[in-house]
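Listing of model.csv; format and content: CSV, C-alpha atoms.
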```csv
chain,number,residue,atom,x,y,z
A,25,MET,CA,-21.3,-18.4,117.5
A,26,LYS,CA,-23.6,-18.5,120.5
A,27,ARG,CA,-24.3,-22.1,119.7
A,28,LEU,CA,-20.6,-22.9,119.5
A,29,ILE,CA,-19.6,-21.4,122.8
A,30,GLY,CA,-22.9,-22.2,124.7
A,31,GLY,CA,-24.1,-25.5,125.9
A,32,PHE,CA,-23.4,-27.7,128.8
A,33,PHE,CA,-20.0,-29.3,127.9
A,34,PRO,CA,-17.9,-26.2,127.3
A,35,ALA,CA,-19.4,-24.7,130.5
A,36,ALA,CA,-18.5,-27.9,132.5
A,37,ALA,CA,-15.0,-27.7,131.1
A,38,VAL,CA,-14.5,-24.1,132.3
A,39,ILE,CA,-16.0,-25.0,135.7
A,40,VAL,CA,-13.6,-27.9,136.2
A,41,ALA,CA,-10.6,-25.8,135.1
A,42,LEU,CA,-11.5,-23.0,137.5
A,43,ALA,CA,-12.3,-25.4,140.4
A,44,THR,CA,-8.8,-27.0,140.0
A,45,ILE,CA,-7.0,-23.6,140.0
A,46,PHE,CA,-9.1,-22.5,143.1
A,47,ALA,CA,-8.4,-25.8,145.0
A,48,GLU,CA,-4.6,-25.6,144.3
A,49,ARG,CA,-4.2,-21.9,145.1
A,50,TRP,CA,-6.5,-21.2,148.0
A,51,LEU,CA,-7.7,-24.4,149.8
A,52,PRO,CA,-5.4,-25.4,152.6
A,53,ILE,CA,-4.7,-28.9,151.2
A,54,PRO,CA,-1.1,-30.0,151.7
A,55,THR,CA,-0.1,-31.6,148.4
A,56,SER,CA,3.2,-33.0,147.3
A,57,LEU,CA,4.7,-32.0,144.0
A,58,GLN,CA,3.7,-35.3,142.4
A,59,ALA,CA,0.1,-35.1,143.7
A,60,SER,CA,0.0,-31.5,142.3
A,61,TYR,CA,1.1,-32.7,138.9
A,62,PHE,CA,-1.4,-35.5,139.0
A,63,LEU,CA,-4.2,-33.0,139.9
A,64,ASP,CA,-3.1,-30.7,137.1
A,65,LEU,CA,-3.0,-33.5,134.5
A,66,THR,CA,-6.4,-34.8,135.6
A,67,ALA,CA,-7.9,-31.3,135.4
A,68,VAL,CA,-6.4,-30.8,131.9
A,69,ALA,CA,-7.7,-34.3,130.7
A,70,VAL,CA,-11.2,-33.7,132.1
A,71,THR,CA,-11.3,-30.2,130.7
A,72,ALA,CA,-10.1,-31.4,127.3
A,73,MET,CA,-12.7,-34.2,127.3
A,74,PHE,CA,-15.5,-31.9,128.2
A,75,GLY,CA,-14.2,-29.4,125.7
A,76,VAL,CA,-14.0,-31.9,122.8
A,77,ALA,CA,-17.3,-33.4,123.6
A,78,GLY,CA,-19.0,-30.0,123.8
A,79,ALA,CA,-17.4,-28.8,120.5
A,80,LEU,CA,-18.5,-32.0,118.7
A,81,ARG,CA,-22.0,-31.7,120.1
A,82,GLN,CA,-22.3,-28.0,119.1
A,83,THR,CA,-20.7,-28.7,115.6
A,84,LYS,CA,-23.3,-31.4,115.0
A,85,ALA,CA,-26.1,-29.0,116.1
A,86,VAL,CA,-24.9,-26.3,113.7
A,87,LEU,CA,-24.5,-28.8,110.8
A,88,ASP,CA,-28.0,-30.1,111.5
A,89,GLU,CA,-29.3,-26.6,111.3
A,90,PHE,CA,-27.6,-26.0,108.0
A,91,THR,CA,-28.9,-29.3,106.6
A,92,THR,CA,-32.5,-28.3,107.6
A,93,ILE,CA,-32.1,-24.9,105.9
A,94,ARG,CA,-30.7,-26.5,102.8
A,95,ARG,CA,-33.5,-29.0,102.7
A,96,ARG,CA,-36.1,-26.3,103.2
A,97,ARG,CA,-34.5,-24.3,100.4
A,98,ALA,CA,-34.5,-27.4,98.2
A,99,ASP,CA,-38.2,-27.9,98.7
A,100,ARG,CA,-39.2,-24.3,98.1
A,101,ALA,CA,-36.6,-23.4,95.3
A,102,VAL,CA,-35.8,-20.1,97.0
A,103,PRO,CA,-33.1,-18.0,95.3
A,104,PRO,CA,-30.1,-16.7,97.3
A,105,ILE,CA,-31.6,-14.3,99.8
A,106,ASN,CA,-28.6,-11.9,99.9
A,107,ALA,CA,-28.7,-11.4,96.2
A,108,GLU,CA,-32.3,-10.5,96.3
A,109,PHE,CA,-31.7,-8.1,99.2
A,110,ILE,CA,-29.1,-6.3,97.0
A,111,LEU,CA,-31.7,-5.8,94.3
A,112,HIS,CA,-34.2,-4.4,96.8
A,113,LEU,CA,-31.6,-2.0,98.0
A,114,ILE,CA,-30.6,-0.7,94.5
A,115,LEU,CA,-33.7,-0.8,92.2
A,116,SER,CA,-36.8,1.4,92.5
A,117,SER,CA,-39.8,-0.4,94.0
A,118,GLU,CA,-41.9,-1.1,90.8
A,119,LYS,CA,-38.8,-2.0,88.7
A,120,CYS,CA,-37.6,-4.2,91.6
A,121,ASP,CA,-41.0,-6.0,91.9
A,122,ASP,CA,-40.9,-6.9,88.2
A,123,GLN,CA,-37.3,-7.8,87.9
A,124,VAL,CA,-37.0,-9.8,91.2
A,125,ASN,CA,-40.1,-11.8,90.3
A,126,SER,CA,-38.9,-12.5,86.7
A,127,LEU,CA,-35.6,-13.6,88.2
A,128,GLU,CA,-37.4,-15.9,90.7
A,129,GLU,CA,-39.4,-17.5,87.9
A,130,LEU,CA,-36.3,-18.0,85.7
A,131,TYR,CA,-34.4,-19.3,88.8
A,132,ALA,CA,-37.0,-22.0,89.5
A,133,LYS,CA,-36.8,-23.2,85.9
A,134,LYS,CA,-32.9,-23.1,85.9
A,135,ARG,CA,-32.9,-25.0,89.2
A,136,ALA,CA,-35.0,-27.7,87.8
A,137,ARG,CA,-32.7,-28.0,84.8
A,138,LEU,CA,-29.2,-27.4,86.2
A,139,GLY,CA,-29.5,-28.1,90.0
A,140,SER,CA,-29.3,-25.7,92.9
A,141,GLY,CA,-25.6,-24.9,92.8
A,142,ARG,CA,-25.4,-23.8,89.2
A,143,ALA,CA,-28.8,-22.1,89.4
A,144,ASP,CA,-27.4,-20.1,92.4
A,145,ILE,CA,-24.4,-19.1,90.4
A,146,TRP,CA,-26.6,-18.1,87.5
A,147,TYR,CA,-28.8,-16.0,89.9
A,148,TRP,CA,-25.8,-14.2,91.3
A,149,LYS,CA,-24.5,-13.4,87.8
A,150,GLN,CA,-27.8,-12.0,86.8
A,151,VAL,CA,-28.0,-9.8,90.0
A,152,ILE,CA,-24.5,-8.5,89.4
A,153,GLY,CA,-25.4,-7.7,85.8
A,154,LEU,CA,-28.6,-5.8,86.9
A,155,VAL,CA,-26.7,-3.9,89.6
A,156,TRP,CA,-23.9,-3.0,87.3
A,157,ARG,CA,-26.3,-1.7,84.6
A,158,GLN,CA,-28.3,0.2,87.2
A,159,LEU,CA,-25.3,1.9,88.8
A,160,PHE,CA,-22.9,2.4,86.0
A,161,ARG,CA,-25.1,2.4,82.8
A,162,GLY,CA,-24.2,5.4,80.8
A,163,ARG,CA,-21.6,6.7,83.3
A,164,ALA,CA,-18.6,5.1,81.6
A,165,LYS,CA,-19.8,6.3,78.2
A,166,THR,CA,-20.3,9.8,79.6
A,167,ALA,CA,-16.8,9.8,81.0
A,168,VAL,CA,-15.3,8.7,77.6
A,169,VAL,CA,-17.4,11.4,75.8
A,170,LYS,CA,-16.2,14.1,78.2
A,171,LEU,CA,-12.6,13.0,77.7
A,172,VAL,CA,-13.0,13.2,73.9
A,173,CYS,CA,-14.7,16.6,74.1
A,174,TRP,CA,-11.9,17.9,76.3
A,175,ALA,CA,-9.3,16.6,73.8
A,176,LEU,CA,-11.2,18.3,70.9
A,177,ARG,CA,-11.4,21.6,72.8
A,178,ILE,CA,-7.7,21.5,73.4
A,179,CYS,CA,-7.2,20.9,69.6
A,180,GLY,CA,-9.3,24.0,68.9
A,181,MET,CA,-12.4,22.1,67.7
A,182,GLY,CA,-14.9,23.6,70.3
A,183,THR,CA,-17.9,23.4,67.9
A,184,LEU,CA,-17.4,19.7,67.3
A,185,ALA,CA,-17.0,19.2,71.1
A,186,ASP,CA,-20.3,21.0,71.7
A,187,ALA,CA,-22.1,18.9,69.1
A,188,LEU,CA,-20.7,15.7,70.6
A,189,THR,CA,-21.8,16.7,74.1
A,190,LYS,CA,-25.3,17.4,72.8
A,191,ALA,CA,-25.5,14.1,71.0
A,192,ALA,CA,-24.2,12.2,74.1
A,193,ALA,CA,-26.8,13.9,76.3
A,194,GLU,CA,-29.6,12.8,73.9
A,195,LEU,CA,-28.3,9.3,73.8
A,196,THR,CA,-27.8,8.8,77.5
A,197,SER,CA,-31.2,10.3,78.5
A,198,ALA,CA,-33.4,8.0,80.5
A,199,ALA,CA,-35.8,5.6,78.7
A,200,PRO,CA,-39.5,6.4,79.1
A,201,GLN,CA,-40.9,4.3,81.9
A,202,PRO,CA,-44.3,2.7,81.8
A,203,SER,CA,-46.5,4.8,84.0
A,204,ASN,CA,-50.0,3.4,83.4
A,205,ARG,CA,-51.2,0.3,85.2
A,206,ARG,CA,-53.2,-1.2,82.4
A,207,ARG,CA,-52.8,-1.9,78.7
A,208,PRO,CA,-52.8,1.3,76.6
B,7,MET,CA,-35.9,5.2,61.0
B,8,PRO,CA,-33.4,4.4,63.9
B,9,SER,CA,-31.0,1.5,63.2
B,10,ILE,CA,-31.6,-1.8,65.0
B,11,SER,CA,-29.1,-4.2,66.5
B,12,GLU,CA,-29.1,-8.0,66.5
B,13,LEU,CA,-30.2,-8.3,70.1
B,14,GLU,CA,-33.0,-5.7,69.4
B,15,VAL,CA,-34.2,-7.9,66.6
B,16,PHE,CA,-34.2,-10.9,68.9
B,17,ALA,CA,-36.1,-9.0,71.6
B,18,LEU,CA,-38.7,-7.9,69.1
B,19,THR,CA,-39.0,-11.4,67.8
B,20,GLY,CA,-39.3,-12.6,71.5
B,21,ILE,CA,-42.2,-10.2,72.1
B,22,VAL,CA,-44.0,-11.4,68.9
B,23,ALA,CA,-43.4,-15.1,69.9
B,24,SER,CA,-44.6,-14.5,73.4
B,25,GLY,CA,-47.9,-13.2,72.1
B,26,GLU,CA,-50.3,-11.8,74.7
B,27,ASN,CA,-48.2,-13.1,77.5
B,28,ALA,CA,-45.2,-10.9,76.6
B,29,TYR,CA,-43.4,-10.1,79.9
B,30,ALA,CA,-39.7,-10.5,80.8
B,31,VAL,CA,-39.7,-14.3,81.4
B,32,PRO,CA,-41.2,-15.6,78.1
B,33,ILE,CA,-39.3,-13.0,76.2
B,34,PHE,CA,-36.1,-14.0,77.8
B,35,GLU,CA,-36.7,-17.7,77.0
B,36,GLU,CA,-37.5,-16.9,73.4
B,37,VAL,CA,-34.4,-14.7,73.0
B,38,GLU,CA,-32.3,-17.4,74.7
B,39,LYS,CA,-33.4,-19.8,72.0
B,40,LEU,CA,-32.3,-17.4,69.3
B,41,VAL,CA,-28.9,-16.3,70.6
B,42,GLU,CA,-25.8,-18.4,70.0
B,43,THR,CA,-25.3,-21.2,72.6
B,44,SER,CA,-21.8,-19.9,73.4
B,45,ARG,CA,-23.1,-16.5,74.4
B,46,GLU,CA,-25.0,-16.4,77.7
B,47,LEU,CA,-27.8,-13.9,77.7
B,48,SER,CA,-28.3,-11.9,80.9
B,49,LEU,CA,-31.6,-10.5,82.1
B,50,ALA,CA,-29.9,-7.1,82.6
B,51,SER,CA,-29.0,-6.8,78.9
B,52,LEU,CA,-32.5,-7.8,77.9
B,53,TYR,CA,-34.0,-5.2,80.1
B,54,VAL,CA,-31.6,-2.6,78.7
B,55,THR,CA,-32.5,-3.6,75.2
B,56,LEU,CA,-36.2,-3.4,75.9
B,57,ASP,CA,-35.8,0.0,77.5
B,58,ARG,CA,-33.8,1.1,74.4
B,59,LEU,CA,-36.5,-0.2,72.1
B,60,GLN,CA,-39.1,1.7,74.1
B,61,LYS,CA,-37.0,4.9,73.8
B,62,LYS,CA,-36.9,4.4,70.0
B,63,GLY,CA,-40.7,4.0,69.9
B,64,PHE,CA,-40.6,0.4,68.7
B,65,VAL,CA,-42.2,-1.0,71.9
B,66,ARG,CA,-44.9,-0.1,74.4
B,67,SER,CA,-44.9,-1.3,78.0
B,68,TRP,CA,-47.2,-1.2,80.9
B,69,TYR,CA,-47.5,-2.6,84.4
B,70,SER,CA,-50.2,-5.2,85.1
B,71,GLU,CA,-52.4,-5.1,88.2
B,72,PRO,CA,-50.8,-6.8,91.2
B,73,LEU,CA,-50.9,-10.6,90.7
B,74,LYS,CA,-51.8,-13.1,93.3
B,75,GLU,CA,-49.2,-15.7,92.1
B,76,ARG,CA,-46.5,-13.1,92.3
B,77,GLY,CA,-47.3,-12.3,95.9
B,78,GLY,CA,-49.2,-9.1,95.0
B,79,ARG,CA,-46.5,-7.8,92.7
B,80,SER,CA,-47.1,-6.6,89.2
B,81,ARG,CA,-45.6,-7.6,85.8
B,82,ARG,CA,-44.3,-5.4,83.1
B,83,TYR,CA,-45.9,-6.3,79.7
B,84,PHE,CA,-44.5,-5.4,76.3
B,85,GLU,CA,-46.1,-4.9,73.0
B,86,LEU,CA,-44.8,-4.0,69.5
B,87,SER,CA,-45.8,-0.6,68.2
B,88,ALA,CA,-46.5,0.0,64.5
B,89,SER,CA,-43.0,1.3,63.9
B,90,GLY,CA,-41.6,-1.7,65.8
B,91,THR,CA,-43.4,-4.1,63.5
B,92,LYS,CA,-42.2,-2.2,60.5
B,93,ALA,CA,-38.6,-2.2,61.8
B,94,LEU,CA,-38.7,-5.9,62.5
B,95,LYS,CA,-40.0,-6.7,59.0
B,96,GLU,CA,-37.3,-4.5,57.5
B,97,ALA,CA,-34.6,-6.2,59.7
B,98,LEU,CA,-35.8,-9.7,58.6
B,99,LEU,CA,-36.0,-8.8,54.9
B,100,PRO,CA,-32.4,-9.8,54.1
B,101,MET,CA,-32.9,-13.1,55.9
B,102,ARG,CA,-36.1,-13.8,53.9
B,103,ARG,CA,-34.3,-13.1,50.6
B,104,THR,CA,-31.4,-15.4,51.7
B,105,LEU,CA,-33.9,-18.1,52.6
B,106,ARG,CA,-35.7,-17.7,49.2
B,107,VAL,CA,-32.4,-18.0,47.3
B,108,LEU,CA,-31.3,-21.0,49.4
B,109,ASN,CA,-34.7,-22.7,48.9
B,110,SER,CA,-34.5,-22.3,45.1
B,111,PHE,CA,-30.9,-23.6,45.2
B,112,VAL,CA,-32.1,-26.7,47.2
B,113,LYS,CA,-35.0,-27.3,44.8
B,114,GLU,CA,-32.7,-27.0,41.8
B,115,SER,CA,-30.1,-29.4,43.3
B,116,THR,CA,-32.7,-32.0,44.1
B,117,GLN,CA,-34.3,-31.9,40.7
```
Please express what this file holds, its structure, as structure tokens.
Amino acid sequence: MKRLIGGFFPAAAVIVALATIFAERWLPIPTSLQASYFLDLTAVAVTAMFGVAGALRQTKAVLDEFTTIRRRRADRAVPPINAEFILHLILSSEKCDDQVNSLEELYAKKRARLGSGRADIWYWKQVIGLVWRQLFRGRAKTAVVKLVCWALRICGMGTLADALTKAAAELTSAAPQPSNRRRP
Amino acid sequence: MPSISELEVFALTGIVASGENAYAVPIFEEVEKLVETSRELSLASLYVTLDRLQKKGFVRSWYSEPLKERGGRSRRYFELSASGTKALKEALLPMRRTLRVLNSFVKESTQ
């Protein structure tokens, strides 16, 4: 944004416009109606010229920057940064290290095979899958089990509901995580 | 013995096929070769399957020392336990029988 509104040409356009207004309003220059129109038209034309030139120049600068970033990414095979950031936010540090690095390795291979666009889509799909599993794994199942238990209790089958709750708790308990840093 | 799903069999096979270097990437690549081409495997489902296998006691896992090529980050390695090997053998038994029958059928038809 700063690049789009900054720079010499847009600034020159604004200066010309302000100078014209100032000259017409406050300087004691006797001007006829036709001369006034001519001055206005010239000011508008010059402003438009400066404005268009500035916008073109700034657009080119922004596009050049994007091209450089894309070229740099193409050389280094870097996965989408935003997607990686999401994983860092959601996963625990050790899990994140392992999963992000595995994803990066697979991404580099996919990119060589499919190209950057499709590899990026693949990466995003994997990240969404990981986030979904991390945030909602077991929760949907728990909700369904709770609903079934509630229905069983209403039907007068409290013992069955208790057994189901116990079984569900056992099933949804967390998997044992590797704690040691070397081969057992 | 706990029951074992198709993806779990694939994951166990992937660990065996990856050998000493059994971390997520080689396992994923091996499993990708095994699953149907129409079905896209996700890393998330593989991780969930591996966690489930560990919970069942079929798989052991550990984190490696931080690795230089991974920017000082570690890898999680997997290994089949004795019960995992047994479960895989049992799961592959029907396939072996089928193969034996098919082989004998092919031999008979060629003779």
Best match for closeness to Ser11 in chain B among B:Leu86, B:Val37, B:Ala97, B:Val31, counting all atoms listed in the file: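 Closest to Ser11 in chain B of all the choices is B:Ala97.
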Interatomic distance (Å, one decimal) between CA of Ser24 in chain B and CA of Glu38 in chain B: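 Spanning CA of Ser24 in chain B to CA of Glu38 in chain B is a straight-line distance of 12.7 Å.
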Point-to-point distance from CA of Glu36 in chain B to CA of Phe111 in chain B, Å rounded to tenths: 29.7 Å
Per-residue nearest contacts chain B to chain A, cut-off 7 Å, using only C-alpha atoms, as a tab-separated table:
```
residue	atom	partner	partner_atom	distance
B:Ala30	CA	A:Ser126	CA	6.3
B:Val31	CA	A:Ser126	CA	5.7
B:Ser48	CA	A:Gln150	CA	5.9
B:Leu49	CA	A:Gln150	CA	6.2
B:Ala50	CA	A:Leu154	CA	4.7
B:Asp57	CA	A:Ala199	CA	5.7
B:Arg58	CA	A:Ala199	CA	6.5
B:Gln60	CA	A:Pro200	CA	6.9
B:Lys61	CA	A:Ala199	CA	5.1
B:Ser67	CA	A:Pro202	CA	5.5
B:Trp68	CA	A:Pro202	CA	4.9
B:Tyr69	CA	A:Arg205	CA	4.8
B:Ser70	CA	A:Arg205	CA	5.6
B:Glu71	CA	A:Arg205	CA	6.3
B:Arg76	CA	A:Asn125	CA	6.8
B:Arg79	CA	A:Asp121	CA	5.8
B:Ser80	CA	A:Asp122	CA	6.3
B:Arg81	CA	A:Asp122	CA	5.3
B:Arg82	CA	A:Asp122	CA	6.3
```
File dump, residues just selected, C-alpha atoms, as an mmCIF file, in the coordinates of the input:
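Contents of out-v1.cif, freshly written:
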```cif
data_model
loop_
_atom_site.group_PDB
_atom_site.id
_atom_site.type_symbol
_atom_site.label_atom_id
_atom_site.label_comp_id
_atom_site.auth_asym_id
_atom_site.auth_seq_id
_atom_site.Cartn_x
_atom_site.Cartn_y
_atom_site.Cartn_z
ATOM 1 C CA ALA B 30 -39.700 -10.500 80.800
ATOM 2 C CA VAL B 31 -39.700 -14.300 81.400
ATOM 3 C CA SER B 48 -28.300 -11.900 80.900
ATOM 4 C CA LEU B 49 -31.600 -10.500 82.100
ATOM 5 C CA ALA B 50 -29.900 -7.100 82.600
ATOM 6 C CA ASP B 57 -35.800 0.000 77.500
ATOM 7 C CA ARG B 58 -33.800 1.100 74.400
ATOM 8 C CA GLN B 60 -39.100 1.700 74.100
ATOM 9 C CA LYS B 61 -37.000 4.900 73.800
ATOM 10 C CA SER B 67 -44.900 -1.300 78.000
ATOM 11 C CA TRP B 68 -47.200 -1.200 80.900
ATOM 12 C CA TYR B 69 -47.500 -2.600 84.400
ATOM 13 C CA SER B 70 -50.200 -5.200 85.100
ATOM 14 C CA GLU B 71 -52.400 -5.100 88.200
ATOM 15 C CA ARG B 76 -46.500 -13.100 92.300
ATOM 16 C CA ARG B 79 -46.500 -7.800 92.700
ATOM 17 C CA SER B 80 -47.100 -6.600 89.200
ATOM 18 C CA ARG B 81 -45.600 -7.600 85.800
ATOM 19 C CA ARG B 82 -44.300 -5.400 83.100
#
```
Computed interatomic separation between CA of Leu159 in chain A and CA of Ile114 in chain A (Å):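 A separation of 8.2 Å between them.
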Protein and nucleic acid residues near (-36.9, -25.3, 87.1) (cut-off 12 Å, all atoms listed in the file) as a VMD selection string: chain A and resid 98 to 103 127 to 140 142 to 143
Minimum-distance residue to Lys39 in chain B, chosen among B:Ala17, B:Val54, B:Leu98, B:Val65 (using only C-alpha atoms):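 Under the stated criterion, the closest residue is B:Ala17.
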